[in-house]
>>> print(open('my_file.pdb').read())   # PDB, C-alpha atoms
ATOM      1  CA  MET A   1      40.271 145.797 111.165
ATOM      2  CA  ASP A   2      39.460 144.791 114.722
ATOM      3  CA  ARG A   3      41.284 147.327 116.838
ATOM      4  CA  ASN A   4      40.772 145.230 119.971
ATOM      5  CA  CYS A   5      42.450 142.252 118.379
ATOM      6  CA  SER A   6      45.938 143.026 119.667
ATOM      7  CA  SER A   7      44.941 143.646 123.268
ATOM      8  CA  ARG A   8      42.907 140.425 123.344
ATOM      9  CA  ARG A   9      45.831 138.551 121.874
ATOM     10  CA  HIS A  10      48.217 139.875 124.507
ATOM     11  CA  LYS A  11      45.763 138.906 127.224
ATOM     12  CA  HIS A  12      45.460 135.378 125.855
ATOM     13  CA  PHE A  13      49.196 134.970 125.645
ATOM     14  CA  GLN A  14      49.725 136.501 129.066
ATOM     15  CA  ILE A  15      47.302 133.986 130.562
ATOM     16  CA  ALA A  16      49.052 131.184 128.716
ATOM     17  CA  LEU A  17      52.408 132.244 130.134
ATOM     18  CA  ASN A  18      51.265 132.142 133.741
ATOM     19  CA  GLY A  19      52.873 129.153 135.337
ATOM     20  CA  TRP A  20      54.757 128.387 132.164
ATOM     21  CA  ARG A  21      57.545 125.848 132.484
ATOM     22  CA  GLY A  22      59.629 125.446 129.364
ATOM     23  CA  ARG A  23      60.943 122.062 128.377
ATOM     24  CA  GLY A  24      64.171 123.656 127.283
ATOM     25  CA  ASN A  25      64.735 123.508 123.542
ATOM     26  CA  LEU A  26      68.342 124.643 123.076
ATOM     27  CA  ALA A  27      68.322 127.768 120.914
ATOM     28  CA  SER A  28      72.022 127.777 120.064
ATOM     29  CA  ILE A  29      71.990 124.263 118.599
ATOM     30  CA  PHE A  30      68.695 124.848 116.788
ATOM     31  CA  LEU A  31      69.922 128.054 115.152
ATOM     32  CA  ILE A  32      73.127 126.374 113.976
ATOM     33  CA  LEU A  33      71.012 123.541 112.532
ATOM     34  CA  LEU A  34      68.694 125.988 110.768
ATOM     35  CA  HIS A  35      71.596 128.049 109.468
ATOM     36  CA  SER A  36      73.262 124.984 107.987
ATOM     37  CA  MET A  37      70.014 123.949 106.295
ATOM     38  CA  VAL A  38      69.190 127.380 104.894
ATOM     39  CA  CYS A  39      72.766 127.968 103.693
ATOM     40  CA  LYS A  40      73.394 124.526 102.190
TER      41      LYS A  40
ATOM     42  CA  MET B   1      53.656 111.457  91.518
ATOM     43  CA  THR B   2      52.508 114.883  92.721
ATOM     44  CA  MET B   3      54.124 116.763  95.573
ATOM     45  CA  GLU B   4      51.727 117.781  98.321
ATOM     46  CA  THR B   5      51.708 121.555  98.803
ATOM     47  CA  ALA B   6      52.069 122.598 102.449
ATOM     48  CA  LEU B   7      49.579 125.279 103.434
ATOM     49  CA  LEU B   8      49.756 127.840 106.208
ATOM     50  CA  THR B   9      47.991 126.203 109.153
ATOM     51  CA  LEU B  10      49.029 125.764 112.769
ATOM     52  CA  ASP B  11      49.242 122.008 112.242
ATOM     53  CA  THR B  12      51.653 122.481 109.335
ATOM     54  CA  LEU B  13      53.939 124.646 111.465
ATOM     55  CA  ALA B  14      53.759 122.193 114.385
ATOM     56  CA  LYS B  15      54.752 119.408 112.003
ATOM     57  CA  TYR B  16      57.747 121.404 110.736
ATOM     58  CA  LEU B  17      58.919 122.069 114.295
ATOM     59  CA  LYS B  18      58.404 118.480 115.455
ATOM     60  CA  GLU B  19      60.417 117.222 112.514
ATOM     61  CA  LYS B  20      63.337 119.186 113.977
ATOM     62  CA  GLU B  21      62.692 117.534 117.357
ATOM     63  CA  VAL B  22      61.443 120.764 118.924
ATOM     64  CA  GLN B  23      59.486 120.153 122.129
ATOM     65  CA  LEU B  24      56.152 121.970 121.970
ATOM     66  CA  ASP B  25      52.667 122.069 123.431
ATOM     67  CA  MET B  26      49.476 122.811 121.532
ATOM     68  CA  GLU B  27      47.414 125.197 123.659
ATOM     69  CA  GLU B  28      43.960 126.682 123.392
ATOM     70  CA  ASN B  29      42.706 129.834 125.039
ATOM     71  CA  ASN B  30      39.163 131.093 124.386
ATOM     72  CA  GLY B  31      39.084 129.160 121.131
ATOM     73  CA  GLN B  32      42.432 130.547 119.980
ATOM     74  CA  ARG B  33      44.875 127.718 119.288
ATOM     75  CA  PHE B  34      48.579 128.289 119.443
ATOM     76  CA  ILE B  35      51.900 126.506 119.836
ATOM     77  CA  ARG B  36      53.853 127.100 123.030
ATOM     78  CA  MET B  37      57.528 126.251 123.358
ATOM     79  CA  GLY B  38      60.190 126.701 125.985
ATOM     80  CA  TRP B  39      63.574 127.829 124.659
ATOM     81  CA  ARG B  40      66.857 127.937 126.512
ATOM     82  CA  PHE B  41      69.245 130.698 125.475
ATOM     83  CA  GLU B  42      72.715 131.210 126.916
ATOM     84  CA  MET B  43      71.507 134.288 128.763
ATOM     85  CA  GLY B  44      68.171 132.934 130.019
ATOM     86  CA  ASP B  45      64.996 131.035 129.230
ATOM     87  CA  ALA B  46      62.119 132.219 127.079
ATOM     88  CA  ALA B  47      58.657 131.222 125.920
ATOM     89  CA  VAL B  48      57.939 131.244 122.193
ATOM     90  CA  LEU B  49      54.356 131.228 120.924
ATOM     91  CA  VAL B  50      53.177 130.649 117.357
ATOM     92  CA  SER B  51      49.617 131.202 116.172
ATOM     93  CA  VAL B  52      47.687 131.292 112.903
ATOM     94  CA  ASN B  53      44.289 132.975 112.962
ATOM     95  CA  ASP B  54      41.795 133.576 110.192
ATOM     96  CA  GLY B  55      40.798 137.201 109.768
ATOM     97  CA  PRO B  56      38.429 139.128 107.520
ATOM     98  CA  ASN B  57      38.731 139.288 103.726
ATOM     99  CA  ASN B  58      40.263 135.856 103.319
ATOM    100  CA  THR B  59      43.392 136.690 105.293
ATOM    101  CA  SER B  60      45.278 134.752 107.928
ATOM    102  CA  ARG B  61      47.478 136.260 110.567
ATOM    103  CA  LEU B  62      50.697 134.415 111.445
ATOM    104  CA  GLU B  63      52.326 135.448 114.701
ATOM    105  CA  VAL B  64      55.573 134.407 116.334
ATOM    106  CA  THR B  65      56.033 135.830 119.829
ATOM    107  CA  CYS B  66      59.093 135.481 122.076
ATOM    108  CA  VAL B  67      58.911 136.453 125.770
ATOM    109  CA  THR B  68      61.816 136.551 128.208
ATOM    110  CA  GLN B  69      61.401 134.618 131.414
ATOM    111  CA  LYS B  70      63.616 137.178 133.119
ATOM    112  CA  THR B  71      62.034 140.467 134.125
ATOM    113  CA  TYR B  72      63.421 143.990 133.901
ATOM    114  CA  THR B  73      61.034 146.019 136.052
ATOM    115  CA  GLU B  74      63.850 147.799 137.888
ATOM    116  CA  ARG B  75      65.553 148.819 134.621
ATOM    117  CA  ARG B  76      62.317 149.763 132.886
ATOM    118  CA  GLU B  77      63.337 153.194 131.574
ATOM    119  CA  GLU B  78      66.666 151.970 130.202
ATOM    120  CA  VAL B  79      64.992 148.928 128.618
ATOM    121  CA  VAL B  80      62.172 150.955 127.042
ATOM    122  CA  ASN B  81      64.722 153.255 125.409
ATOM    123  CA  MET B  82      66.738 150.314 124.127
ATOM    124  CA  LEU B  83      63.650 148.565 122.714
ATOM    125  CA  ASN B  84      62.439 151.789 121.111
ATOM    126  CA  ASP B  85      65.777 152.285 119.355
ATOM    127  CA  ARG B  86      65.790 148.700 118.135
ATOM    128  CA  ASN B  87      62.202 148.894 116.908
ATOM    129  CA  ARG B  88      63.184 151.812 114.693
ATOM    130  CA  GLU B  89      66.435 150.285 113.457
ATOM    131  CA  ARG B  90      65.544 146.608 113.099
ATOM    132  CA  ALA B  91      62.801 144.225 112.049
ATOM    133  CA  PHE B  92      59.989 143.099 114.401
ATOM    134  CA  ALA B  93      58.239 144.727 117.368
ATOM    135  CA  ARG B  94      59.675 144.833 120.886
ATOM    136  CA  SER B  95      58.041 145.862 124.160
ATOM    137  CA  ILE B  96      58.153 145.392 127.911
ATOM    138  CA  ASP B  97      54.959 144.365 129.727
ATOM    139  CA  THR B  98      53.702 145.350 133.159
ATOM    140  CA  ASP B  99      55.467 142.373 134.752
ATOM    141  CA  GLY B 100      58.803 143.419 133.250
ATOM    142  CA  ASN B 101      58.990 140.622 130.661
ATOM    143  CA  VAL B 102      60.386 141.697 127.287
ATOM    144  CA  TRP B 103      58.497 140.646 124.135
ATOM    145  CA  LEU B 104      59.560 140.389 120.525
ATOM    146  CA  GLU B 105      56.787 139.792 117.993
ATOM    147  CA  TYR B 106      56.426 139.039 114.307
ATOM    148  CA  VAL B 107      52.982 139.544 112.793
ATOM    149  CA  GLY B 108      52.405 138.748 109.130
ATOM    150  CA  PHE B 109      49.238 138.782 107.039
ATOM    151  CA  TYR B 110      48.851 136.091 104.402
ATOM    152  CA  PRO B 111      46.065 134.931 102.078
ATOM    153  CA  THR B 112      44.159 132.221 103.923
ATOM    154  CA  LEU B 113      45.711 128.824 103.224
ATOM    155  CA  ALA B 114      48.684 130.364 101.424
ATOM    156  CA  GLU B 115      51.512 128.016 100.599
ATOM    157  CA  MET B 116      54.070 127.834 103.379
ATOM    158  CA  PRO B 117      56.996 125.595 102.445
ATOM    159  CA  GLN B 118      59.200 124.394 105.265
ATOM    160  CA  GLU B 119      62.223 126.392 104.117
ATOM    161  CA  THR B 120      60.189 129.603 104.154
ATOM    162  CA  PHE B 121      59.031 128.980 107.696
ATOM    163  CA  ASP B 122      62.538 127.943 108.793
ATOM    164  CA  THR B 123      63.942 131.216 107.501
ATOM    165  CA  LEU B 124      61.241 133.250 109.205
ATOM    166  CA  PHE B 125      61.368 131.389 112.509
ATOM    167  CA  GLY B 126      65.166 131.375 112.592
ATOM    168  CA  GLY B 127      65.216 135.117 111.895
ATOM    169  CA  VAL B 128      62.816 135.827 114.750
ATOM    170  CA  LEU B 129      64.839 133.696 117.184
ATOM    171  CA  MET B 130      68.111 135.336 116.117
ATOM    172  CA  HIS B 131      66.776 138.837 116.668
ATOM    173  CA  PHE B 132      65.332 137.834 120.021
ATOM    174  CA  GLN B 133      68.601 136.192 121.036
ATOM    175  CA  ASP B 134      70.476 139.387 120.200
ATOM    176  CA  ASP B 135      68.007 141.481 122.227
ATOM    177  CA  TYR B 136      68.225 139.082 125.178
ATOM    178  CA  ALA B 137      72.031 139.114 125.047
ATOM    179  CA  THR B 138      72.055 142.893 125.060
ATOM    180  CA  LEU B 139      69.638 143.013 127.991
ATOM    181  CA  GLU B 140      71.861 140.634 129.941
ATOM    182  CA  GLY B 141      75.170 141.960 128.592
ATOM    183  CA  PRO B 142      77.881 143.428 130.792
ATOM    184  CA  GLY B 143      78.001 146.844 129.133
ATOM    185  CA  PRO B 144      75.654 149.293 127.450
ATOM    186  CA  HIS B 145      76.237 147.602 124.113
ATOM    187  CA  GLY B 146      76.172 144.011 125.376
ATOM    188  CA  PRO B 147      78.381 141.168 124.184
ATOM    189  CA  GLN B 148      79.629 141.155 120.609
ATOM    190  CA  LEU B 149      77.247 138.888 118.741
ATOM    191  CA  GLN B 150      76.768 138.574 115.032
ATOM    192  CA  GLN B 151      74.245 141.186 113.998
ATOM    193  CA  PRO B 152      71.067 139.594 112.639
ATOM    194  CA  GLN B 153      69.945 140.875 109.278
ATOM    195  CA  ALA B 154      67.065 143.359 109.565
TER     196      ALA B 154
END
>>> encode(input="my_file.pdb", output="structure tokens")
Amino acid sequence: MDRNCSSRRHKHFQIALNGWRGRGNLASIFLILLHSMVCK
Amino acid sequence: MTMETALLTLDTLAKYLKEKEVQLDMEENNGQRFIRMGWRFEMGDAAVLVSVNDGPNNTSRLEVTCVTQKTYTERREEVVNMLNDRNRERAFARSIDTDGNVWLEYVGFYPTLAEMPQETFDTLFGGVLMHFQDDYATLEGPGPHGPQLQQPQA
């Protein structure tokens, strides 16, 4: 197991988040959609 | 006619998400590819990252990571205690980073190119988002216990 894996991963993600601008997927609608599909 | 079996790759997961009209970007950082999405919750925005990486011994590591756009630096001690309690009581791993952003992460190990049907991924991804939404609501809630939301299953 690579013990440095997690810290590298966090660094990569942290870099990726710098200047991030979400395009705004609506979580509430998506979760209702998923729920209806999983529970059909 | 034979049904094509969907395997666990980043492209498979991107396809599943796009089929639900989710807006996403494919990113690469030091050779590590991942999906980046912006999600809008009632209590604030968040980034959600998905990655699949091959590891040793024919294993692949699937990660789903949610990060609040809001920061909680000034409430750090309170937030750390809350996240610690939730980590013990619920599924997934929560933390606060040095910038005050709160993270919720799922990490799963799978055989490389394991089958990953859409319904399996939907259940997993929906579960991660629901837990994150509940954490976010509690962080932004008016009282120590936050608004009354339906408790996600651990």
>>> residues_around(input="my_file.pdb", residues="region 118-126 of chain B", least_positions_apart="2", cutoff="8 Å", atoms="only C-alpha atoms", output="PyMOL selection string")
(chain A and resi 31+34-35+38) or (chain B and resi 6+13+16+64+116+128-130)
>>> atom_distance(input="my_file.pdb", atom1="CA of Ala47 (chain B)", atom2="CA of Gln23 (chain B)")
11.7 Å
>>> residues_around(input="my_file.pdb", residues="Thr59 (chain B)", least_positions_apart="4", cutoff="8 Å", atoms="all atoms listed in the file", output="list of chain:residue names")
B:Asp54, B:Gly55, B:Phe109, B:Tyr110, B:Pro111, B:Thr112
>>> closest_residue(input="my_file.pdb", among="B:Asn58, B:Lys70, B:Asn30, B:Ile35", to="Trp103 (chain B)", atoms="all atoms listed in the file")
B:Lys70
>>> atom_distance(input="my_file.pdb", atom1="CA of Asn53 (chain B)", atom2="CA of Gln32 (chain B)")
7.7 Å
>>> atom_distance(input="my_file.pdb", atom1="CA of Gly38 (chain B)", atom2="CA of Thr73 (chain B)")
21.8 Å
>>> resolve_selection(input="my_file.pdb", expression="the ChimeraX specification (/A :<6) & /B", output="mmCIF file with C-alpha atoms, in the frame of the given file")
data_model
loop_
_atom_site.group_PDB
_atom_site.id
_atom_site.type_symbol
_atom_site.label_atom_id
_atom_site.label_comp_id
_atom_site.auth_asym_id
_atom_site.auth_seq_id
_atom_site.Cartn_x
_atom_site.Cartn_y
_atom_site.Cartn_z
ATOM 1 C CA GLY B 38 60.190 126.701 125.985
ATOM 2 C CA TRP B 39 63.574 127.829 124.659
ATOM 3 C CA ARG B 40 66.857 127.937 126.512
ATOM 4 C CA PHE B 41 69.245 130.698 125.475
#
>>> resolve_selection(input="my_file.pdb", expression="the PyMOL selection byres ((chain B and resi 24) around 7)", output="NGL selection string")
:B and (22-23 or 25-26 or 35-37)
>>> resolve_selection(input="my_file.pdb", expression="the PyMOL selection byres ((chain B and resi 85-100) around 9)", output="list in words")
Lys70, Thr71, Tyr72, Thr73, Glu74, Arg75, Arg76, Val79, Val80, Asn81, Met82, Leu83, Asn84, Asn101, Val102, Trp103, Leu104, Glu105, Tyr106, Val107, Val128, His131, Asp135, Pro152, Gln153 and Ala154 of chain B
>>> closest_residue(input="my_file.pdb", among="B:Glu19, B:Leu7, B:Ala137, B:Phe132", to="Thr65 (chain B)", atoms="only C-alpha atoms")
B:Phe132
>>> closest_residue(input="my_file.pdb", among="B:Met43, B:Val50, B:Leu8, B:Ala114", to="Thr138 (chain B)", atoms="all atoms listed in the file")
B:Met43
